file protein11.txt (compact mmCIF, N, CA and C atoms)
# COMPACT_ATOMS: atom_id res chain seq x y z
N MET O 1 96.91 -107.50 -84.73
CA MET O 1 97.23 -108.86 -84.35
C MET O 1 96.56 -109.81 -85.32
N SER O 2 97.16 -110.95 -85.52
CA SER O 2 96.57 -111.91 -86.44
C SER O 2 95.33 -112.55 -85.81
N LYS O 3 94.56 -113.18 -86.66
CA LYS O 3 93.30 -113.79 -86.21
C LYS O 3 93.51 -115.15 -85.53
N THR O 4 94.75 -115.63 -85.45
CA THR O 4 94.98 -116.94 -84.86
C THR O 4 94.76 -116.88 -83.36
N LYS O 5 94.32 -118.01 -82.82
CA LYS O 5 94.04 -118.12 -81.39
C LYS O 5 95.36 -118.26 -80.64
N LEU O 6 95.44 -117.60 -79.50
CA LEU O 6 96.64 -117.70 -78.67
C LEU O 6 96.77 -119.10 -78.10
N THR O 7 97.98 -119.58 -78.02
CA THR O 7 98.21 -120.89 -77.39
C THR O 7 98.14 -120.73 -75.87
N ARG O 8 98.01 -121.82 -75.21
CA ARG O 8 97.95 -121.81 -73.74
C ARG O 8 99.23 -121.21 -73.16
N GLU O 9 100.34 -121.54 -73.80
CA GLU O 9 101.63 -121.01 -73.33
C GLU O 9 101.66 -119.48 -73.44
N LYS O 10 101.19 -118.92 -74.54
CA LYS O 10 101.16 -117.47 -74.72
C LYS O 10 100.18 -116.81 -73.75
N GLU O 11 99.06 -117.46 -73.49
CA GLU O 11 98.09 -116.92 -72.53
C GLU O 11 98.71 -116.86 -71.13
N LEU O 12 99.40 -117.92 -70.73
CA LEU O 12 100.05 -117.94 -69.42
C LEU O 12 101.19 -116.92 -69.36
N GLU O 13 101.88 -116.75 -70.46
CA GLU O 13 102.94 -115.75 -70.53
C GLU O 13 102.35 -114.35 -70.33
N THR O 14 101.19 -114.10 -70.92
CA THR O 14 100.53 -112.81 -70.75
C THR O 14 100.12 -112.58 -69.31
N ILE O 15 99.54 -113.60 -68.68
CA ILE O 15 99.14 -113.50 -67.26
C ILE O 15 100.36 -113.25 -66.38
N LEU O 16 101.45 -113.95 -66.65
CA LEU O 16 102.67 -113.76 -65.87
C LEU O 16 103.22 -112.34 -66.04
N THR O 17 103.16 -111.82 -67.25
CA THR O 17 103.62 -110.45 -67.51
C THR O 17 102.80 -109.45 -66.71
N ILE O 18 101.49 -109.63 -66.69
CA ILE O 18 100.62 -108.72 -65.93
C ILE O 18 100.93 -108.83 -64.44
N CYS O 19 101.12 -110.06 -63.95
CA CYS O 19 101.43 -110.26 -62.52
C CYS O 19 102.74 -109.58 -62.14
N VAL O 20 103.76 -109.73 -62.96
CA VAL O 20 105.05 -109.11 -62.67
C VAL O 20 104.92 -107.59 -62.71
N ALA O 21 104.16 -107.06 -63.68
CA ALA O 21 103.96 -105.62 -63.75
C ALA O 21 103.26 -105.09 -62.50
N LEU O 22 102.30 -105.84 -61.99
CA LEU O 22 101.60 -105.41 -60.77
C LEU O 22 102.53 -105.44 -59.56
N VAL O 23 103.41 -106.41 -59.49
CA VAL O 23 104.38 -106.47 -58.38
C VAL O 23 105.35 -105.29 -58.49
N VAL O 24 105.78 -104.96 -59.69
CA VAL O 24 106.68 -103.82 -59.88
C VAL O 24 105.97 -102.52 -59.48
N VAL O 25 104.71 -102.38 -59.85
CA VAL O 25 103.95 -101.20 -59.43
C VAL O 25 103.87 -101.14 -57.91
N PHE O 26 103.65 -102.28 -57.26
CA PHE O 26 103.61 -102.33 -55.79
C PHE O 26 104.94 -101.86 -55.20
N LEU O 27 106.05 -102.37 -55.76
CA LEU O 27 107.36 -102.02 -55.21
C LEU O 27 107.73 -100.56 -55.47
N LEU O 28 107.27 -100.00 -56.58
CA LEU O 28 107.63 -98.62 -56.91
C LEU O 28 106.70 -97.59 -56.29
N SER O 29 105.54 -98.02 -55.83
CA SER O 29 104.64 -97.06 -55.20
C SER O 29 105.15 -96.72 -53.81
N LYS O 30 104.96 -95.48 -53.42
CA LYS O 30 105.50 -95.03 -52.15
C LYS O 30 104.73 -95.57 -50.96
N GLN O 31 103.44 -95.83 -51.12
CA GLN O 31 102.62 -96.25 -50.00
C GLN O 31 102.45 -97.76 -49.90
N HIS O 32 102.94 -98.49 -50.88
CA HIS O 32 102.87 -99.96 -50.89
C HIS O 32 101.47 -100.48 -50.59
N HIS O 33 100.53 -100.11 -51.45
CA HIS O 33 99.16 -100.60 -51.29
C HIS O 33 99.13 -102.11 -51.52
N LYS O 34 98.49 -102.82 -50.63
CA LYS O 34 98.45 -104.28 -50.69
C LYS O 34 97.58 -104.80 -51.84
N TYR O 35 96.68 -103.96 -52.36
CA TYR O 35 95.78 -104.47 -53.40
C TYR O 35 96.53 -104.79 -54.69
N TRP O 36 97.70 -104.18 -54.94
CA TRP O 36 98.47 -104.56 -56.14
C TRP O 36 98.94 -106.01 -56.02
N LEU O 37 99.40 -106.38 -54.85
CA LEU O 37 99.84 -107.77 -54.64
C LEU O 37 98.65 -108.72 -54.66
N THR O 38 97.54 -108.29 -54.10
CA THR O 38 96.35 -109.14 -54.09
C THR O 38 95.87 -109.42 -55.51
N ILE O 39 95.82 -108.39 -56.33
CA ILE O 39 95.40 -108.57 -57.73
C ILE O 39 96.39 -109.47 -58.45
N SER O 40 97.68 -109.29 -58.19
CA SER O 40 98.69 -110.12 -58.82
C SER O 40 98.53 -111.60 -58.45
N VAL O 41 98.31 -111.87 -57.18
CA VAL O 41 98.12 -113.26 -56.73
C VAL O 41 96.85 -113.85 -57.32
N VAL O 42 95.77 -113.08 -57.33
CA VAL O 42 94.51 -113.58 -57.89
C VAL O 42 94.68 -113.89 -59.38
N LEU O 43 95.36 -113.02 -60.12
CA LEU O 43 95.60 -113.30 -61.55
C LEU O 43 96.46 -114.54 -61.74
N GLY O 44 97.46 -114.69 -60.87
CA GLY O 44 98.29 -115.89 -60.95
C GLY O 44 97.49 -117.16 -60.71
N LEU O 45 96.60 -117.11 -59.73
CA LEU O 45 95.75 -118.28 -59.45
C LEU O 45 94.77 -118.54 -60.59
N VAL O 46 94.23 -117.48 -61.17
CA VAL O 46 93.33 -117.65 -62.32
C VAL O 46 94.10 -118.30 -63.47
N GLY O 47 95.33 -117.86 -63.68
CA GLY O 47 96.15 -118.44 -64.74
C GLY O 47 96.43 -119.92 -64.53
N MET O 48 96.58 -120.30 -63.26
CA MET O 48 96.88 -121.71 -62.97
C MET O 48 95.65 -122.60 -63.07
N PHE O 49 94.48 -122.10 -62.69
CA PHE O 49 93.34 -123.00 -62.54
C PHE O 49 92.20 -122.81 -63.53
N SER O 50 92.12 -121.72 -64.25
CA SER O 50 90.99 -121.50 -65.14
C SER O 50 91.46 -121.16 -66.55
N LYS O 51 91.31 -122.13 -67.44
CA LYS O 51 91.70 -121.90 -68.83
C LYS O 51 90.79 -120.86 -69.49
N TYR O 52 89.51 -120.89 -69.15
CA TYR O 52 88.54 -119.98 -69.77
C TYR O 52 88.85 -118.53 -69.40
N LEU O 53 89.01 -118.26 -68.09
CA LEU O 53 89.29 -116.89 -67.66
C LEU O 53 90.66 -116.42 -68.14
N THR O 54 91.62 -117.33 -68.18
CA THR O 54 92.95 -116.98 -68.68
C THR O 54 92.88 -116.53 -70.13
N SER O 55 92.13 -117.26 -70.95
CA SER O 55 92.02 -116.90 -72.36
C SER O 55 91.30 -115.57 -72.53
N LYS O 56 90.29 -115.30 -71.72
CA LYS O 56 89.56 -114.03 -71.81
C LYS O 56 90.43 -112.86 -71.36
N ILE O 57 91.20 -113.04 -70.29
CA ILE O 57 92.09 -111.97 -69.82
C ILE O 57 93.18 -111.71 -70.86
N ALA O 58 93.76 -112.77 -71.41
CA ALA O 58 94.81 -112.61 -72.43
C ALA O 58 94.25 -111.93 -73.67
N TRP O 59 93.03 -112.29 -74.07
CA TRP O 59 92.40 -111.66 -75.23
C TRP O 59 92.19 -110.16 -74.99
N ALA O 60 91.67 -109.81 -73.79
CA ALA O 60 91.44 -108.41 -73.46
C ALA O 60 92.75 -107.63 -73.41
N TRP O 61 93.79 -108.25 -72.87
CA TRP O 61 95.09 -107.60 -72.79
C TRP O 61 95.65 -107.34 -74.18
N MET O 62 95.51 -108.29 -75.08
CA MET O 62 96.00 -108.12 -76.46
C MET O 62 95.23 -107.03 -77.19
N LYS O 63 93.92 -106.97 -76.97
CA LYS O 63 93.11 -105.92 -77.60
C LYS O 63 93.51 -104.54 -77.06
N LEU O 64 93.74 -104.46 -75.75
CA LEU O 64 94.19 -103.21 -75.15
C LEU O 64 95.54 -102.79 -75.72
N SER O 65 96.45 -103.74 -75.87
CA SER O 65 97.77 -103.41 -76.41
C SER O 65 97.68 -102.97 -77.87
N GLU O 66 96.79 -103.59 -78.66
CA GLU O 66 96.59 -103.15 -80.04
C GLU O 66 96.08 -101.71 -80.09
N ALA O 67 95.11 -101.39 -79.25
CA ALA O 67 94.55 -100.04 -79.23
C ALA O 67 95.60 -99.03 -78.78
N MET O 68 96.36 -99.37 -77.76
CA MET O 68 97.41 -98.47 -77.29
C MET O 68 98.49 -98.28 -78.36
N GLY O 69 98.82 -99.35 -79.07
CA GLY O 69 99.81 -99.25 -80.14
C GLY O 69 99.34 -98.36 -81.28
N ALA O 70 98.07 -98.47 -81.62
CA ALA O 70 97.52 -97.64 -82.70
C ALA O 70 97.55 -96.16 -82.31
N VAL O 71 97.18 -95.86 -81.08
CA VAL O 71 97.15 -94.47 -80.64
C VAL O 71 98.57 -93.94 -80.45
N THR O 72 99.42 -94.72 -79.80
CA THR O 72 100.78 -94.28 -79.50
C THR O 72 101.58 -94.00 -80.76
N SER O 73 101.44 -94.82 -81.77
CA SER O 73 102.21 -94.60 -83.00
C SER O 73 101.81 -93.28 -83.65
N LYS O 74 100.54 -92.96 -83.63
CA LYS O 74 100.09 -91.69 -84.22
C LYS O 74 100.58 -90.50 -83.40
N VAL O 75 100.57 -90.63 -82.09
CA VAL O 75 101.05 -89.55 -81.23
C VAL O 75 102.54 -89.32 -81.44
N ILE O 76 103.32 -90.39 -81.45
CA ILE O 76 104.77 -90.27 -81.61
C ILE O 76 105.11 -89.68 -82.97
N LEU O 77 104.44 -90.15 -84.03
CA LEU O 77 104.72 -89.60 -85.35
C LEU O 77 104.31 -88.14 -85.45
N SER O 78 103.23 -87.75 -84.80
CA SER O 78 102.81 -86.35 -84.80
C SER O 78 103.83 -85.48 -84.07
N VAL O 79 104.31 -85.95 -82.94
CA VAL O 79 105.31 -85.19 -82.18
C VAL O 79 106.59 -85.03 -83.00
N ILE O 80 107.04 -86.09 -83.64
CA ILE O 80 108.24 -86.01 -84.48
C ILE O 80 108.02 -85.01 -85.61
N PHE O 81 106.85 -85.06 -86.22
CA PHE O 81 106.58 -84.15 -87.33
C PHE O 81 106.61 -82.70 -86.87
N PHE O 82 105.89 -82.37 -85.79
CA PHE O 82 105.76 -80.98 -85.39
C PHE O 82 106.99 -80.45 -84.66
N LEU O 83 107.79 -81.32 -84.03
CA LEU O 83 108.99 -80.84 -83.35
C LEU O 83 110.22 -80.79 -84.24
N PHE O 84 110.29 -81.66 -85.25
CA PHE O 84 111.49 -81.73 -86.07
C PHE O 84 111.25 -81.35 -87.53
N LEU O 85 110.37 -82.06 -88.19
CA LEU O 85 110.22 -81.88 -89.63
C LEU O 85 109.60 -80.54 -90.01
N PHE O 86 108.57 -80.11 -89.30
CA PHE O 86 107.92 -78.85 -89.63
C PHE O 86 108.85 -77.65 -89.45
N PRO O 87 109.58 -77.54 -88.33
CA PRO O 87 110.52 -76.41 -88.21
C PRO O 87 111.64 -76.45 -89.27
N ILE O 88 112.12 -77.63 -89.60
CA ILE O 88 113.15 -77.74 -90.63
C ILE O 88 112.59 -77.27 -91.97
N ALA O 89 111.36 -77.62 -92.28
CA ALA O 89 110.74 -77.18 -93.53
C ALA O 89 110.56 -75.68 -93.56
N ILE O 90 110.14 -75.09 -92.44
CA ILE O 90 109.97 -73.64 -92.38
C ILE O 90 111.31 -72.94 -92.55
N LEU O 91 112.34 -73.42 -91.85
CA LEU O 91 113.67 -72.82 -91.99
C LEU O 91 114.21 -72.97 -93.41
N SER O 92 113.97 -74.09 -94.01
CA SER O 92 114.41 -74.30 -95.40
C SER O 92 113.71 -73.35 -96.34
N ARG O 93 112.44 -73.11 -96.11
CA ARG O 93 111.69 -72.20 -96.97
C ARG O 93 112.13 -70.75 -96.77
N VAL O 94 112.42 -70.39 -95.53
CA VAL O 94 112.82 -69.01 -95.24
C VAL O 94 114.23 -68.72 -95.75
N PHE O 95 115.17 -69.62 -95.50
CA PHE O 95 116.57 -69.36 -95.83
C PHE O 95 117.01 -69.97 -97.16
N GLY O 96 116.19 -70.81 -97.77
CA GLY O 96 116.56 -71.43 -99.03
C GLY O 96 116.45 -70.44 -100.18
N SER O 97 117.40 -70.52 -101.11
CA SER O 97 117.41 -69.56 -102.21
C SER O 97 116.49 -69.99 -103.35
N LYS O 98 116.46 -71.30 -103.64
CA LYS O 98 115.57 -71.76 -104.70
C LYS O 98 114.99 -73.11 -104.33
N SER O 99 113.95 -73.47 -105.00
CA SER O 99 113.29 -74.75 -104.74
C SER O 99 114.19 -75.88 -105.20
N SER O 100 114.51 -76.80 -104.30
CA SER O 100 115.40 -77.89 -104.67
C SER O 100 114.73 -78.87 -105.63
N LEU O 101 113.40 -78.93 -105.62
CA LEU O 101 112.69 -79.81 -106.55
C LEU O 101 112.31 -79.11 -107.85
N GLN O 102 112.52 -77.81 -107.92
CA GLN O 102 112.21 -76.98 -109.08
C GLN O 102 110.74 -77.14 -109.48
N LEU O 103 109.85 -77.00 -108.51
CA LEU O 103 108.43 -77.15 -108.76
C LEU O 103 107.80 -75.86 -109.27
N LYS O 104 108.43 -74.72 -109.00
CA LYS O 104 107.89 -73.45 -109.46
C LYS O 104 108.29 -73.22 -110.90
N LYS O 105 107.38 -72.70 -111.67
CA LYS O 105 107.62 -72.47 -113.10
C LYS O 105 108.67 -71.37 -113.28
N PRO O 106 109.72 -71.69 -114.04
CA PRO O 106 110.74 -70.67 -114.27
C PRO O 106 110.23 -69.60 -115.23
N GLU O 107 111.06 -68.57 -115.43
CA GLU O 107 110.68 -67.53 -116.38
C GLU O 107 110.55 -68.14 -117.77
N GLY O 108 109.61 -67.66 -118.53
CA GLY O 108 109.41 -68.16 -119.88
C GLY O 108 108.17 -69.01 -119.97
N ASN O 109 108.01 -69.67 -121.11
CA ASN O 109 106.81 -70.46 -121.38
C ASN O 109 106.97 -71.95 -121.12
N SER O 110 108.17 -72.39 -120.80
CA SER O 110 108.41 -73.82 -120.71
C SER O 110 109.02 -74.19 -119.35
N TYR O 111 108.74 -75.42 -118.95
CA TYR O 111 109.36 -75.97 -117.75
C TYR O 111 110.75 -76.53 -118.04
N TYR O 112 111.06 -76.75 -119.28
CA TYR O 112 112.34 -77.31 -119.67
C TYR O 112 113.42 -76.24 -119.60
N PHE O 113 114.63 -76.67 -119.28
CA PHE O 113 115.74 -75.73 -119.29
C PHE O 113 116.88 -76.36 -120.07
N THR O 114 117.66 -75.50 -120.68
CA THR O 114 118.76 -75.95 -121.53
C THR O 114 119.96 -76.27 -120.65
N ARG O 115 120.50 -77.42 -120.89
CA ARG O 115 121.68 -77.86 -120.15
C ARG O 115 122.76 -78.16 -121.16
N ASN O 116 123.74 -77.33 -121.22
CA ASN O 116 124.84 -77.52 -122.17
C ASN O 116 125.89 -78.39 -121.51
N HIS O 117 125.78 -79.68 -121.77
CA HIS O 117 126.71 -80.65 -121.18
C HIS O 117 127.08 -81.65 -122.24
N LYS O 118 128.36 -81.84 -122.44
CA LYS O 118 128.82 -82.82 -123.39
C LYS O 118 129.01 -84.14 -122.65
N PHE O 119 128.22 -85.14 -123.02
CA PHE O 119 128.31 -86.45 -122.36
C PHE O 119 129.53 -87.20 -122.85
N GLU O 120 130.21 -87.85 -121.90
CA GLU O 120 131.39 -88.63 -122.22
C GLU O 120 131.18 -90.05 -121.70
N ALA O 121 132.09 -90.92 -121.99
CA ALA O 121 131.98 -92.32 -121.59
C ALA O 121 131.99 -92.47 -120.07
N LYS O 122 132.74 -91.62 -119.38
CA LYS O 122 132.80 -91.74 -117.90
C LYS O 122 131.46 -91.39 -117.23
N ASP O 123 130.59 -90.65 -117.91
CA ASP O 123 129.28 -90.32 -117.36
C ASP O 123 128.40 -91.57 -117.23
N LEU O 124 128.64 -92.57 -118.06
CA LEU O 124 127.82 -93.78 -118.06
C LEU O 124 128.45 -94.95 -117.31
N GLU O 125 129.63 -94.75 -116.74
CA GLU O 125 130.31 -95.84 -116.02
C GLU O 125 129.59 -96.19 -114.72
N ASN O 126 129.30 -95.22 -113.91
CA ASN O 126 128.66 -95.44 -112.62
C ASN O 126 127.37 -94.63 -112.58
N VAL O 127 126.33 -95.15 -113.18
CA VAL O 127 125.08 -94.42 -113.35
C VAL O 127 124.40 -94.16 -112.01
N TRP O 128 124.43 -95.12 -111.12
CA TRP O 128 123.72 -94.96 -109.85
C TRP O 128 124.62 -94.34 -108.82
call {"tool": "encode", "arguments": {"input": "protein11.txt", "output": "structure tokens"}}
result
Amino acid sequence: MSKTKLTREKELETILTICVALVVVFLLSKQHHKYWLTISVVLGLVGMFSKYLTSKIAWAWMKLSEAMGAVTSKVILSVIFFLFLFPIAILSRVFGSKSSLQLKKPEGNSYYFTRNHKFEAKDLENVW
């Protein structure tokens, strides 16, 4: 997050988001614990009457979201790597006939290979 201070509007928006999330948790919980609604109402009242506490709660919420974003992105990228890319690489190595990047040294003393190709004008028409 940038170092700029949150505006009052953004702080109130954050408090409202937390309050709505708590109400949703109350509605989705099977036992309907009243403390979710109580916390939601208290946060709403804090948002309305205390600029200092609102700014501190919004700051803490933003820091928590930054930390969760940092961890979550690494977890998601790790899962993608180990579930998709790693097996594809293993299968490519097992069933592939030759290295597509030609990183292994061919027979002989040189990495260069002879390519007998006669260049024509049409080869340079659409280079990319």
call {"tool": "atom_distance", "arguments": {"input": "protein11.txt", "atom1": "atom N of Thr7 in chain O", "atom2": "atom C of Lys51 in chain O"}}
result
11.2 Å
call {"tool": "residues_around", "arguments": {"input": "protein11.txt", "residues": "Arg8 in chain O", "least_positions_apart": "5", "cutoff": "12 Å", "atoms": "only C-alpha atoms", "output": "JSON, numbers by chain"}}
result
{"O": [13, 14, 15, 47, 48, 50, 51, 52, 53, 54, 55, 56, 58, 59]}
call {"tool": "residues_around", "arguments": {"input": "protein11.txt", "residues": "Ile18 in chain O", "least_positions_apart": "4", "cutoff": "8 Å", "atoms": "all atoms listed in the file", "output": "number ranges by chain"}}
result
O: 12-14, 22-24, 39-40, 43-44
call {"tool": "atom_distance", "arguments": {"input": "protein11.txt", "atom1": "CA of Val42 in chain O", "atom2": "CA of Cys19 in chain O"}}
result
9.0 Å
call {"tool": "select_by_dssp", "arguments": {"input": "protein11.txt", "residues": "chain O", "states": "helix (DSSP H, G or I)", "output": "PyMOL selection string"}}
result
chain O and resi 8-28+34-49+51-95+121-124
call {"tool": "atom_distance", "arguments": {"input": "protein11.txt", "atom1": "atom C of Lys118 in chain O", "atom2": "atom C of Leu101 in chain O"}}
result
22.9 Å
call {"tool": "decode", "arguments": {"input": "protein11.txt", "residues": "range 54-74 of chain O", "atoms": "N, CA and C atoms", "output": "PDB file, in the first residue's frame"}}
result
ATOM      1  N   THR O  54     -11.586   5.160  14.281  1.00  0.00           N
ATOM      2  CA  THR O  54     -11.861   4.756  12.902  1.00  0.00           C
ATOM      3  C   THR O  54     -10.580   4.675  12.096  1.00  0.00           C
ATOM      4  N   SER O  55      -9.716   5.670  12.242  1.00  0.00           N
ATOM      5  CA  SER O  55      -8.461   5.663  11.486  1.00  0.00           C
ATOM      6  C   SER O  55      -7.557   4.521  11.936  1.00  0.00           C
ATOM      7  N   LYS O  56      -7.540   4.216  13.224  1.00  0.00           N
ATOM      8  CA  LYS O  56      -6.711   3.114  13.723  1.00  0.00           C
ATOM      9  C   LYS O  56      -7.238   1.757  13.249  1.00  0.00           C
ATOM     10  N   ILE O  57      -8.553   1.575  13.263  1.00  0.00           N
ATOM     11  CA  ILE O  57      -9.141   0.321  12.792  1.00  0.00           C
ATOM     12  C   ILE O  57      -8.894   0.156  11.293  1.00  0.00           C
ATOM     13  N   ALA O  58      -9.083   1.227  10.528  1.00  0.00           N
ATOM     14  CA  ALA O  58      -8.851   1.163   9.077  1.00  0.00           C
ATOM     15  C   ALA O  58      -7.385   0.876   8.778  1.00  0.00           C
ATOM     16  N   TRP O  59      -6.476   1.487   9.541  1.00  0.00           N
ATOM     17  CA  TRP O  59      -5.045   1.231   9.346  1.00  0.00           C
ATOM     18  C   TRP O  59      -4.713  -0.238   9.623  1.00  0.00           C
ATOM     19  N   ALA O  60      -5.246  -0.779  10.734  1.00  0.00           N
ATOM     20  CA  ALA O  60      -4.995  -2.178  11.083  1.00  0.00           C
ATOM     21  C   ALA O  60      -5.579  -3.120  10.030  1.00  0.00           C
ATOM     22  N   TRP O  61      -6.754  -2.784   9.520  1.00  0.00           N
ATOM     23  CA  TRP O  61      -7.392  -3.612   8.503  1.00  0.00           C
ATOM     24  C   TRP O  61      -6.563  -3.617   7.219  1.00  0.00           C
ATOM     25  N   MET O  62      -6.040  -2.466   6.831  1.00  0.00           N
ATOM     26  CA  MET O  62      -5.211  -2.377   5.623  1.00  0.00           C
ATOM     27  C   MET O  62      -3.906  -3.156   5.789  1.00  0.00           C
ATOM     28  N   LYS O  63      -3.311  -3.082   6.973  1.00  0.00           N
ATOM     29  CA  LYS O  63      -2.078  -3.840   7.226  1.00  0.00           C
ATOM     30  C   LYS O  63      -2.357  -5.347   7.184  1.00  0.00           C
ATOM     31  N   LEU O  64      -3.477  -5.761   7.767  1.00  0.00           N
ATOM     32  CA  LEU O  64      -3.863  -7.164   7.725  1.00  0.00           C
ATOM     33  C   LEU O  64      -4.086  -7.622   6.282  1.00  0.00           C
ATOM     34  N   SER O  65      -4.743  -6.795   5.488  1.00  0.00           N
ATOM     35  CA  SER O  65      -4.993  -7.175   4.092  1.00  0.00           C
ATOM     36  C   SER O  65      -3.694  -7.237   3.293  1.00  0.00           C
ATOM     37  N   GLU O  66      -2.738  -6.343   3.569  1.00  0.00           N
ATOM     38  CA  GLU O  66      -1.439  -6.414   2.902  1.00  0.00           C
ATOM     39  C   GLU O  66      -0.719  -7.714   3.245  1.00  0.00           C
ATOM     40  N   ALA O  67      -0.731  -8.084   4.515  1.00  0.00           N
ATOM     41  CA  ALA O  67      -0.061  -9.314   4.949  1.00  0.00           C
ATOM     42  C   ALA O  67      -0.736 -10.537   4.331  1.00  0.00           C
ATOM     43  N   MET O  68      -2.054 -10.550   4.326  1.00  0.00           N
ATOM     44  CA  MET O  68      -2.775 -11.668   3.729  1.00  0.00           C
ATOM     45  C   MET O  68      -2.516 -11.749   2.228  1.00  0.00           C
ATOM     46  N   GLY O  69      -2.439 -10.606   1.564  1.00  0.00           N
ATOM     47  CA  GLY O  69      -2.154 -10.590   0.133  1.00  0.00           C
ATOM     48  C   GLY O  69      -0.767 -11.112  -0.178  1.00  0.00           C
ATOM     49  N   ALA O  70       0.199 -10.758   0.653  1.00  0.00           N
ATOM     50  CA  ALA O  70       1.568 -11.231   0.437  1.00  0.00           C
ATOM     51  C   ALA O  70       1.645 -12.743   0.599  1.00  0.00           C
ATOM     52  N   VAL O  71       0.995 -13.272   1.617  1.00  0.00           N
ATOM     53  CA  VAL O  71       1.036 -14.714   1.861  1.00  0.00           C
ATOM     54  C   VAL O  71       0.217 -15.457   0.811  1.00  0.00           C
ATOM     55  N   THR O  72      -0.973 -14.975   0.525  1.00  0.00           N
ATOM     56  CA  THR O  72      -1.869 -15.652  -0.402  1.00  0.00           C
ATOM     57  C   THR O  72      -1.273 -15.741  -1.800  1.00  0.00           C
ATOM     58  N   SER O  73      -0.640 -14.693  -2.264  1.00  0.00           N
ATOM     59  CA  SER O  73      -0.067 -14.730  -3.612  1.00  0.00           C
ATOM     60  C   SER O  73       1.018 -15.790  -3.707  1.00  0.00           C
ATOM     61  N   LYS O  74       1.825 -15.928  -2.678  1.00  0.00           N
ATOM     62  CA  LYS O  74       2.874 -16.950  -2.695  1.00  0.00           C
ATOM     63  C   LYS O  74       2.275 -18.354  -2.641  1.00  0.00           C
TER      64      LYS O  74
END
